[in-house]
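Printed here is my_file.csv (CSV, C-alpha atoms and all ligand atoms):
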```csv
chain,number,residue,atom,x,y,z
A,1,MET,CA,13.3,-15.9,3.8
A,2,LYS,CA,14.0,-18.1,0.8
A,3,PHE,CA,11.4,-17.7,-1.9
A,4,THR,CA,10.1,-20.7,-3.8
A,5,LYS,CA,9.0,-20.6,-7.4
A,6,GLU,CA,5.4,-20.6,-6.1
A,7,ASP,CA,6.1,-17.6,-3.8
A,8,LYS,CA,7.5,-15.7,-6.8
A,9,ILE,CA,4.5,-16.4,-9.0
A,10,LEU,CA,2.3,-15.2,-6.1
A,11,LEU,CA,4.3,-11.9,-6.0
A,12,TYR,CA,3.8,-11.5,-9.7
A,13,ARG,CA,0.1,-12.2,-9.4
A,14,ASN,CA,-0.3,-9.7,-6.6
A,15,MET,CA,1.5,-7.0,-8.5
A,16,VAL,CA,-0.5,-7.6,-11.7
A,17,ARG,CA,-3.8,-7.8,-9.8
A,18,GLY,CA,-3.0,-4.5,-8.1
A,19,ARG,CA,-2.2,-2.8,-11.4
A,20,LYS,CA,-5.4,-4.1,-13.1
A,21,TYR,CA,-7.6,-2.9,-10.4
A,22,ASP,CA,-5.8,0.4,-10.4
A,23,GLU,CA,-6.2,0.8,-14.2
A,24,GLU,CA,-9.9,0.0,-13.9
A,25,LEU,CA,-10.3,2.7,-11.3
A,26,VAL,CA,-8.5,5.3,-13.4
A,27,GLU,CA,-10.9,4.5,-16.2
A,28,LEU,CA,-13.9,4.7,-14.0
A,29,PHE,CA,-12.8,8.0,-12.7
A,30,ALA,CA,-12.3,9.3,-16.2
A,31,LYS,CA,-15.9,8.3,-16.9
A,32,VAL,CA,-16.9,10.1,-13.7
A,33,LYS,CA,-18.4,6.9,-12.3
A,34,VAL,CA,-16.8,7.2,-8.9
A,35,PRO,CA,-17.6,9.7,-6.2
A,36,GLY,CA,-14.8,11.5,-4.4
A,37,MET,CA,-11.1,11.0,-5.1
A,38,TRP,CA,-8.6,8.3,-5.7
A,39,HIS,CA,-4.8,8.0,-5.6
A,40,SER,CA,-3.4,5.7,-8.2
A,41,GLY,CA,-0.5,3.5,-7.2
A,42,ILE,CA,0.5,2.5,-10.8
A,43,GLY,CA,4.3,2.1,-10.8
A,44,GLN,CA,4.5,1.4,-7.0
A,45,GLU,CA,3.1,-2.2,-7.0
A,46,ALA,CA,6.4,-3.8,-5.9
A,47,VAL,CA,6.2,-2.1,-2.5
A,48,GLY,CA,2.6,-3.1,-1.7
A,49,ALA,CA,3.1,-6.7,-2.9
A,50,GLY,CA,6.5,-7.1,-1.4
A,51,ALA,CA,5.3,-5.8,2.0
A,52,ALA,CA,2.0,-7.7,2.3
A,53,THR,CA,2.1,-11.0,0.4
A,54,PHE,CA,3.9,-13.1,3.0
A,55,LEU,CA,2.3,-11.7,6.2
A,56,ARG,CA,0.3,-14.0,8.4
A,57,LYS,CA,-3.5,-13.6,8.3
A,58,ASP,CA,-3.5,-12.2,11.9
A,59,ASP,CA,-0.6,-9.7,11.2
A,60,TRP,CA,-1.7,-6.1,10.9
A,61,LEU,CA,-1.1,-3.9,7.9
A,62,GLU,CA,-1.6,-0.1,8.1
A,63,PRO,CA,-2.5,1.1,4.7
A,64,THR,CA,-1.6,4.2,2.7
A,65,HIS,CA,-4.1,6.1,0.5
A,66,ARG,CA,-2.4,5.0,-2.7
A,67,GLY,CA,-3.4,2.0,-4.8
A,68,TYR,CA,-5.0,-1.4,-3.9
A,69,THR,CA,-2.0,-3.7,-4.2
A,70,PHE,CA,-1.1,-3.9,-0.5
A,71,GLY,CA,-4.7,-4.7,0.5
A,72,LEU,CA,-5.3,-7.2,-2.2
A,73,ALA,CA,-2.1,-8.9,-1.3
A,74,LYS,CA,-3.3,-9.1,2.3
A,75,GLY,CA,-6.4,-10.9,1.2
A,76,VAL,CA,-9.0,-8.1,0.9
A,77,ASP,CA,-11.8,-8.9,-1.5
A,78,GLY,CA,-11.2,-6.5,-4.5
A,79,LYS,CA,-14.8,-6.9,-5.7
A,80,ARG,CA,-16.3,-5.6,-2.5
A,81,TRP,CA,-13.5,-2.9,-2.2
A,82,LEU,CA,-14.4,-1.6,-5.6
A,83,ALA,CA,-18.2,-1.7,-4.7
A,84,GLU,CA,-17.4,0.3,-1.5
A,85,HIS,CA,-15.4,2.8,-3.6
A,86,LEU,CA,-18.3,3.2,-6.0
A,87,GLY,CA,-20.6,3.8,-3.0
A,88,ARG,CA,-22.7,0.6,-3.4
A,89,ALA,CA,-24.6,-1.3,-0.8
A,90,THR,CA,-22.4,-4.4,-1.4
A,91,GLY,CA,-19.3,-2.6,-0.2
A,92,PHE,CA,-17.6,-3.3,3.1
A,93,ALA,CA,-19.3,-0.4,4.8
A,94,LYS,CA,-22.5,-0.6,2.7
A,95,GLY,CA,-21.2,2.1,0.4
A,96,LYS,CA,-20.8,4.7,3.1
A,97,GLY,CA,-17.1,4.6,3.7
A,98,GLY,CA,-15.4,5.2,0.4
A,99,HIS,CA,-12.0,3.6,-0.4
A,100,TYR,CA,-10.5,4.1,3.1
A,101,VAL,CA,-12.5,1.3,4.6
A,102,ALA,CA,-10.7,-1.6,6.4
A,103,PRO,CA,-12.7,-4.8,6.1
A,104,LYS,CA,-13.1,-6.7,9.3
A,105,GLY,CA,-10.9,-9.9,9.6
A,106,SER,CA,-8.5,-8.9,6.8
A,107,GLY,CA,-5.9,-7.6,9.2
A,108,VAL,CA,-5.9,-4.2,7.4
A,109,LEU,CA,-6.1,-1.4,10.0
A,110,PRO,CA,-8.2,1.7,9.6
A,111,PHE,CA,-6.7,4.6,7.6
A,112,GLY,CA,-7.0,7.8,9.4
A,113,GLY,CA,-7.5,10.2,6.5
A,114,THR,CA,-4.9,12.6,7.9
A,115,ILE,CA,-1.4,11.9,6.6
A,116,GLY,CA,0.7,10.7,9.5
A,117,SER,CA,-2.1,9.1,11.5
A,118,ALA,CA,-0.7,5.8,10.4
A,119,PHE,CA,2.1,6.1,12.9
A,120,PRO,CA,0.3,6.1,16.2
A,121,ILE,CA,-2.3,3.6,14.9
A,122,SER,CA,0.5,1.2,14.1
A,123,ALA,CA,2.3,1.8,17.4
A,124,GLY,CA,-1.0,1.1,19.2
A,125,ALA,CA,-1.5,-2.1,17.2
A,126,GLY,CA,2.1,-3.0,18.1
A,127,ILE,CA,1.3,-2.6,21.8
A,128,SER,CA,-1.7,-4.8,21.4
A,129,ALA,CA,0.4,-7.4,19.5
A,130,LYS,CA,3.1,-7.4,22.1
A,131,ARG,CA,0.6,-7.8,25.0
A,132,LEU,CA,-1.3,-10.6,23.3
A,133,GLY,CA,2.0,-12.5,22.8
A,134,LYS,CA,0.9,-14.4,19.7
A,135,GLY,CA,3.8,-13.3,17.5
A,136,GLN,CA,1.7,-10.8,15.5
A,137,VAL,CA,3.6,-8.1,13.6
A,138,VAL,CA,2.4,-4.7,12.3
A,139,VAL,CA,3.6,-3.4,8.9
A,140,CYS,CA,3.0,0.3,8.6
A,141,LEU,CA,3.1,1.7,5.1
A,142,PHE,CA,3.6,5.5,4.7
A,143,GLY,CA,4.7,8.0,2.2
A,144,ASP,CA,7.7,10.4,2.1
A,145,GLY,CA,5.3,13.3,2.7
A,146,ALA,CA,3.8,11.6,5.8
A,147,ALA,CA,7.3,11.1,7.1
A,148,GLN,CA,7.4,14.9,7.8
A,149,ARG,CA,4.6,14.6,10.5
A,150,GLY,CA,5.5,14.9,14.2
A,151,THR,CA,3.5,11.7,14.8
A,152,LEU,CA,6.4,9.8,13.2
A,153,HIS,CA,8.7,10.8,16.0
A,154,GLU,CA,6.3,10.0,18.8
A,155,SER,CA,5.5,6.6,17.3
A,156,MET,CA,8.9,5.4,16.2
A,157,ASN,CA,10.4,6.5,19.5
A,158,LEU,CA,7.8,4.6,21.5
A,159,ALA,CA,8.1,1.5,19.3
A,160,ALA,CA,11.8,1.5,19.8
A,161,VAL,CA,11.8,2.1,23.5
A,162,TRP,CA,9.2,-0.6,24.1
A,163,GLN,CA,10.6,-2.9,21.4
A,164,LEU,CA,7.2,-3.1,19.6
A,165,PRO,CA,6.8,-5.5,16.7
A,166,VAL,CA,6.4,-2.8,14.0
A,167,VAL,CA,8.0,-2.7,10.6
A,168,TRP,CA,7.9,0.8,9.2
A,169,VAL,CA,7.8,0.7,5.4
A,170,CYS,CA,8.2,4.0,3.6
A,171,GLU,CA,7.0,4.3,0.0
A,172,ASN,CA,9.3,7.1,-1.1
A,173,ASN,CA,7.9,8.2,-4.4
A,174,LEU,CA,9.8,11.5,-4.1
A,175,TYR,CA,6.7,13.7,-4.0
A,176,ALA,CA,3.9,14.8,-1.7
A,177,VAL,CA,1.3,16.1,-4.0
A,178,THR,CA,3.6,18.5,-5.9
A,179,ALA,CA,6.4,19.0,-3.3
A,180,HIS,CA,9.7,17.2,-3.9
A,181,LEU,CA,11.2,15.6,-0.8
A,182,SER,CA,14.2,17.9,-1.0
A,183,GLN,CA,11.8,20.8,-0.3
A,184,SER,CA,10.5,19.3,2.9
A,185,MET,CA,13.3,17.2,4.4
A,186,ALA,CA,16.8,18.0,5.4
A,187,VAL,CA,18.3,14.6,4.7
A,188,LYS,CA,18.1,12.7,1.4
A,189,ASP,CA,17.3,9.3,2.8
A,190,ILE,CA,14.3,8.6,5.1
A,191,ALA,CA,16.1,5.4,6.2
A,192,ASP,CA,18.6,7.7,8.0
A,193,LEU,CA,15.9,8.5,10.6
A,194,ALA,CA,16.3,5.0,12.0
A,195,HIS,CA,19.6,6.0,13.7
A,196,GLY,CA,17.6,8.4,15.9
A,197,TYR,CA,15.5,5.5,17.2
A,198,ASN,CA,18.3,3.0,17.5
A,199,MET,CA,16.7,0.6,15.0
A,200,PRO,CA,17.9,-0.9,11.7
A,201,GLY,CA,17.2,1.3,8.7
A,202,VAL,CA,17.7,0.2,5.1
A,203,ILE,CA,17.2,1.6,1.6
A,204,ILE,CA,15.7,-0.7,-0.9
A,205,ASP,CA,15.1,-0.5,-4.6
A,206,GLY,CA,11.3,-0.2,-4.5
A,207,GLN,CA,10.9,-1.3,-8.1
A,208,ASP,CA,12.3,-4.7,-7.2
A,209,VAL,CA,9.6,-6.8,-5.6
A,210,LEU,CA,11.9,-9.5,-4.4
A,211,ALA,CA,14.2,-7.0,-2.7
A,212,VAL,CA,11.2,-5.4,-0.9
A,213,ALA,CA,9.8,-8.8,0.2
A,214,GLU,CA,13.2,-10.0,1.4
A,215,ALA,CA,13.8,-6.8,3.5
A,216,VAL,CA,10.3,-6.7,4.9
A,217,MET,CA,10.3,-10.4,5.8
A,218,GLU,CA,13.7,-10.2,7.5
A,219,ALA,CA,12.4,-7.3,9.6
A,220,VAL,CA,9.1,-9.2,10.2
A,221,GLU,CA,11.1,-12.2,11.6
A,222,ARG,CA,13.1,-9.8,13.9
A,223,ALA,CA,9.9,-8.3,15.1
A,224,ARG,CA,8.3,-11.7,15.8
A,225,ALA,CA,11.4,-12.8,17.7
A,226,GLY,CA,10.9,-9.8,20.0
A,227,GLU,CA,13.8,-7.8,18.6
A,228,GLY,CA,11.8,-4.7,18.0
A,229,PRO,CA,11.1,-2.3,15.1
A,230,SER,CA,12.9,-1.6,11.8
A,231,LEU,CA,12.6,1.0,9.1
A,232,ILE,CA,12.6,0.1,5.4
A,233,GLU,CA,12.7,2.9,2.8
A,234,CYS,CA,11.6,1.8,-0.7
A,235,LYS,CA,12.6,4.2,-3.5
A,236,THR,CA,9.7,4.2,-6.0
A,237,TYR,CA,7.7,6.4,-8.3
A,238,ARG,CA,4.1,7.0,-9.1
A,239,TYR,CA,3.3,7.2,-12.8
A,240,ARG,CA,0.1,9.2,-12.5
A,241,ASN,CA,-0.5,12.5,-11.0
A,242,HIS,CA,-1.3,12.8,-7.2
A,243,GLY,CA,-4.9,12.0,-7.5
A,244,GLU,CA,-7.8,11.3,-9.9
A,245,GLY,CA,-11.1,13.2,-9.5
A,246,GLY,CA,-9.4,16.5,-8.5
A,247,ALA,CA,-7.7,19.4,-10.2
A,248,PHE,CA,-4.0,18.8,-9.3
A,249,PRO,CA,-1.2,20.8,-10.9
A,250,THR,CA,0.9,18.8,-13.4
A,251,SER,CA,4.0,20.9,-14.0
A,252,TYR,CA,6.1,19.9,-11.0
A,253,ARG,CA,7.8,16.9,-12.7
A,254,THR,CA,9.7,16.7,-15.9
A,255,LYS,CA,8.8,14.3,-18.7
A,256,GLU,CA,12.4,13.0,-18.7
A,257,GLU,CA,12.1,12.1,-15.0
A,258,GLU,CA,8.8,10.3,-15.6
A,259,GLU,CA,10.2,8.4,-18.6
A,260,GLU,CA,13.4,7.4,-16.7
A,261,TRP,CA,11.4,5.7,-14.0
A,262,LYS,CA,9.0,4.0,-16.4
A,263,LYS,CA,12.1,2.2,-17.8
A,264,ARG,CA,12.2,0.3,-14.5
A,265,ASP,CA,8.6,-0.7,-14.3
A,266,PRO,CA,8.3,-3.2,-11.4
A,267,ILE,CA,6.1,-5.7,-13.2
A,268,VAL,CA,8.1,-5.6,-16.4
A,269,LEU,CA,11.3,-6.1,-14.4
A,270,PHE,CA,10.0,-9.0,-12.4
A,271,ARG,CA,8.5,-10.7,-15.4
A,272,GLN,CA,11.9,-10.6,-17.0
A,273,CYS,CA,13.5,-12.0,-13.8
A,274,LEU,CA,11.0,-14.9,-13.7
A,275,LEU,CA,11.8,-15.7,-17.3
A,276,ASP,CA,15.6,-15.4,-16.9
A,277,GLU,CA,15.6,-17.6,-13.8
A,278,GLY,CA,13.3,-20.2,-15.5
A,279,ASP,CA,10.6,-19.8,-12.8
A,280,ALA,CA,7.9,-19.3,-15.4
A,281,THR,CA,7.4,-19.3,-19.2
A,282,ALA,CA,6.0,-16.4,-21.1
A,283,GLU,CA,2.8,-18.4,-21.8
A,284,GLU,CA,2.3,-19.0,-18.1
A,285,LEU,CA,2.7,-15.3,-17.3
A,286,ASP,CA,0.4,-14.3,-20.2
A,287,ALA,CA,-2.2,-16.7,-18.8
A,288,ILE,CA,-2.0,-15.1,-15.4
A,289,ASP,CA,-2.3,-11.6,-16.9
A,290,LYS,CA,-5.3,-12.7,-18.9
A,291,GLU,CA,-7.0,-14.3,-15.9
A,292,LEU,CA,-6.5,-11.1,-13.8
A,293,VAL,CA,-7.9,-8.8,-16.5
A,294,GLN,CA,-11.0,-11.0,-16.6
A,295,GLU,CA,-11.2,-11.1,-12.7
A,296,VAL,CA,-11.2,-7.3,-12.6
A,297,LEU,CA,-13.6,-6.8,-15.4
A,298,GLU,CA,-16.1,-9.1,-13.7
A,299,ALA,CA,-15.5,-7.4,-10.3
A,300,SER,CA,-16.1,-4.0,-11.9
A,301,ARG,CA,-19.3,-5.2,-13.6
A,302,TRP,CA,-20.6,-6.7,-10.4
A,303,ALA,CA,-19.7,-3.5,-8.4
A,304,GLN,CA,-21.3,-1.2,-11.0
A,305,GLU,CA,-24.5,-3.4,-11.1
A,306,SER,CA,-24.7,-3.5,-7.3
A,307,PRO,CA,-27.5,-1.4,-5.7
A,308,TRP,CA,-27.0,1.9,-4.1
A,309,PRO,CA,-27.6,2.1,-0.4
A,310,GLU,CA,-31.1,3.0,0.6
A,311,VAL,CA,-31.7,6.5,1.8
A,312,GLY,CA,-33.2,5.3,5.0
A,313,GLN,CA,-29.9,3.6,5.8
A,314,ALA,CA,-27.9,6.9,6.0
A,315,PHE,CA,-27.9,7.1,9.8
A,316,THR,CA,-27.5,3.4,10.6
A,317,ASP,CA,-24.1,1.8,11.5
A,318,LEU,CA,-22.7,5.2,12.7
A,319,TYR,CA,-21.8,3.9,16.1
A,320,ALA,CA,-20.7,0.5,17.5
A,321,ASP,CA,-23.3,-1.2,19.7
B,401,LIG,C1,-2.4,16.0,7.8
B,401,LIG,C2,-2.7,16.0,6.4
B,401,LIG,N1,-2.2,17.0,5.6
B,401,LIG,C3,-2.5,17.0,4.3
B,401,LIG,C4,-3.3,16.1,3.7
B,401,LIG,C5,-3.6,16.1,2.2
B,401,LIG,N2,-2.8,15.1,1.6
B,401,LIG,C6,-3.3,13.9,1.2
B,401,LIG,S1,-2.2,12.9,0.4
B,401,LIG,C7,-1.0,14.1,0.6
B,401,LIG,C8,0.4,13.8,0.2
B,401,LIG,C9,1.1,12.7,0.9
B,401,LIG,O1,2.3,12.5,0.4
B,401,LIG,P1,3.1,11.1,0.7
B,401,LIG,O2,3.0,10.8,2.1
B,401,LIG,O3,4.4,11.3,0.1
B,401,LIG,O4,2.2,10.0,-0.1
B,401,LIG,P2,2.0,9.9,-1.6
B,401,LIG,O5,0.7,10.7,-1.9
B,401,LIG,O6,3.1,10.4,-2.4
B,401,LIG,O7,1.7,8.4,-1.8
B,401,LIG,C10,-1.5,15.2,1.3
B,401,LIG,C11,-0.7,16.4,1.6
B,401,LIG,C12,-3.8,15.0,4.6
B,401,LIG,N3,-4.6,14.0,4.1
B,401,LIG,N4,-3.5,15.1,5.9
B,402,MG,MG,5.1,10.6,-1.7
```

When written as structure tokens, how does the structure in this file appear?
Ligand SMILES: Cc1ncc(C[n+]2csc(CCOP(=O)(O)OP(=O)(O)O)c2C)c(N)n1
Ligand SMILES: [Mg+2]
Amino acid sequence: MKFTKEDKILLYRNMVRGRKYDEELVELFAKVKVPGMWHSGIGQEAVGAGAATFLRKDDWLEPTHRGYTFGLAKGVDGKRWLAEHLGRATGFAKGKGGHYVAPKGSGVLPFGGTIGSAFPISAGAGISAKRLGKGQVVVCLFGDGAAQRGTLHESMNLAAVWQLPVVWVCENNLYAVTAHLSQSMAVKDIADLAHGYNMPGVIIDGQDVLAVAEAVMEAVERARAGEGPSLIECKTYRYRNHGEGGAFPTSYRTKEEEEEWKKRDPIVLFRQCLLDEGDATAEELDAIDKELVQEVLEASRWAQESPWPEVGQAFTDLYAD
């Protein structure tokens, strides 16, 4: 896929929007305004934006637990997502679902809560897409830790045997909670798993949003053309600890490693790329940043001022009619 100047600006917007929502959530958690837990995706925005921005409205996206970027880029209303996260009645599940909720019509599939449940859900959506025959594709996001689950084998094997239109996109941020990938996996690169399922497997610089978008969209076009699944491994890094709102150890990474990755911040890198290529001026990008800060502040205010669900509603909507 050839990206126009407008496409590139959209990628930039989607990364910055994801980061601004994420920063707001980190702050809300610090003020203990949010129930439960949250996994910040700051540092990983190029993967979510690159994977989701150019999907069709009716394509499926299987989320991870980390960050908002992929969902916002798929068209999820951030304001209502935040309200759901804050447990308010204006959220997608009237405040009863927390941040894992998939809003109807967005094309974002449900998140199972157990790491690794993304694989069979995506294979299932792939079977549906193939049978409906409308050219829909499924993009499944998953972490390096999730890649150690047995469900990966069952699902990737089935998708390959039945040539399902699934694009497996690994956000390899090197750690699962505190465990480095080398402690849980015998090979260095998750993309190597693709050989076992006779599908293309590529390693991508996950800090380079254009590289991610190019690789994902090439795989999406293959899948749409009936040529089956692909695996894309994006090497990336989360800046924050595993989660907000919980007591997680912090001593498993070195300051040097963290600083090294921050030198390749995906938003800073892409901003420079847009300036170097003459796709945007610093003033234009500053104006986008400013607009998105305002958008998130207003969304947060709206969500925090939204009513709590009524106690009498606790047992409604538990089952489909
Ligand atoms: C089956 C299962 N085991 C453990 C957990 C707890 N858990 C939540 S996130 C996580 C780490 C996942 O690591 P990774 O897939 O690399 O994603 P990341 O958090 O790095 O984005 C774990 C172990 C879970 N949700 N499900
Ligand atoms: Mg990880």

Between CA of Gly41 in chain A and CA of Ser117 in chain A lies a distance of 19.6 Å

What lies within 10 Å of range 145-158 of chain A using all atoms listed in the file, ignoring chain neighbours under 3 positions off, as number ranges by chain?
A: 64, 114-124, 127, 141-142, 161-164, 166-168, 170-177, 179-181, 184-185, 190, 193-194, 196-199, 229-231

Out of A:Pro266, A:Gly201, A:Gly135, A:Pro110, which residue has the shortest atom-to-atom distance to Gly226 in chain A when counting only C-alpha atoms?
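Comparing A:Pro266, A:Gly201, A:Gly135, A:Pro110 against Gly226 in chain A, the winner is A:Gly135.
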
Using only C-alpha atoms for the distances, tell me which of A:Met37, A:Val138, A:Thr53, A:Asp144 is nearest to Lys188 in chain A.
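Looking at the shortest contact to Lys188 in chain A, the residue is A:Asp144.
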
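Considering all atoms listed in the file, the residue among A:Lys235, A:Arg17, A:Arg253, A:Lys79 positioned nearest to Trp302 in chain A is A:Lys79.
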
Given all atoms listed in the file as the basis, pick out the residue of A:Leu292, A:Val47, A:Val268, A:Leu61 nearest to ligand LIG 401 (chain B).
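For ligand LIG 401 (chain B), the nearest of the given residues is A:Val47.
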
Can you work out which one of A:Ser40, A:Val293, A:Glu256, A:Ala225 has the shortest atom-to-atom distance to ligand MG 402 (chain B), counting only C-alpha atoms and all ligand atoms?
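Using only C-alpha atoms and all ligand atoms, ligand MG 402 (chain B) sits closest to A:Ser40.
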
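If you measure from each of A:Arg19, A:His65, A:His85, A:Lys96 to ligand LIG 401 (chain B) using all atoms listed in the file, the closest one turns out to be A:His65.
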
So for range 249-268 of chain A, what box centre and size do we get, axis-aligned, 8 Å extra on each of the six sides, every listed atom, Å to one decimal, as JSON?
```
{"center_x": 6.1, "center_y": 7.6, "center_z": -14.8, "size_x": 30.6, "size_y": 42.6, "size_z": 23.8}
```
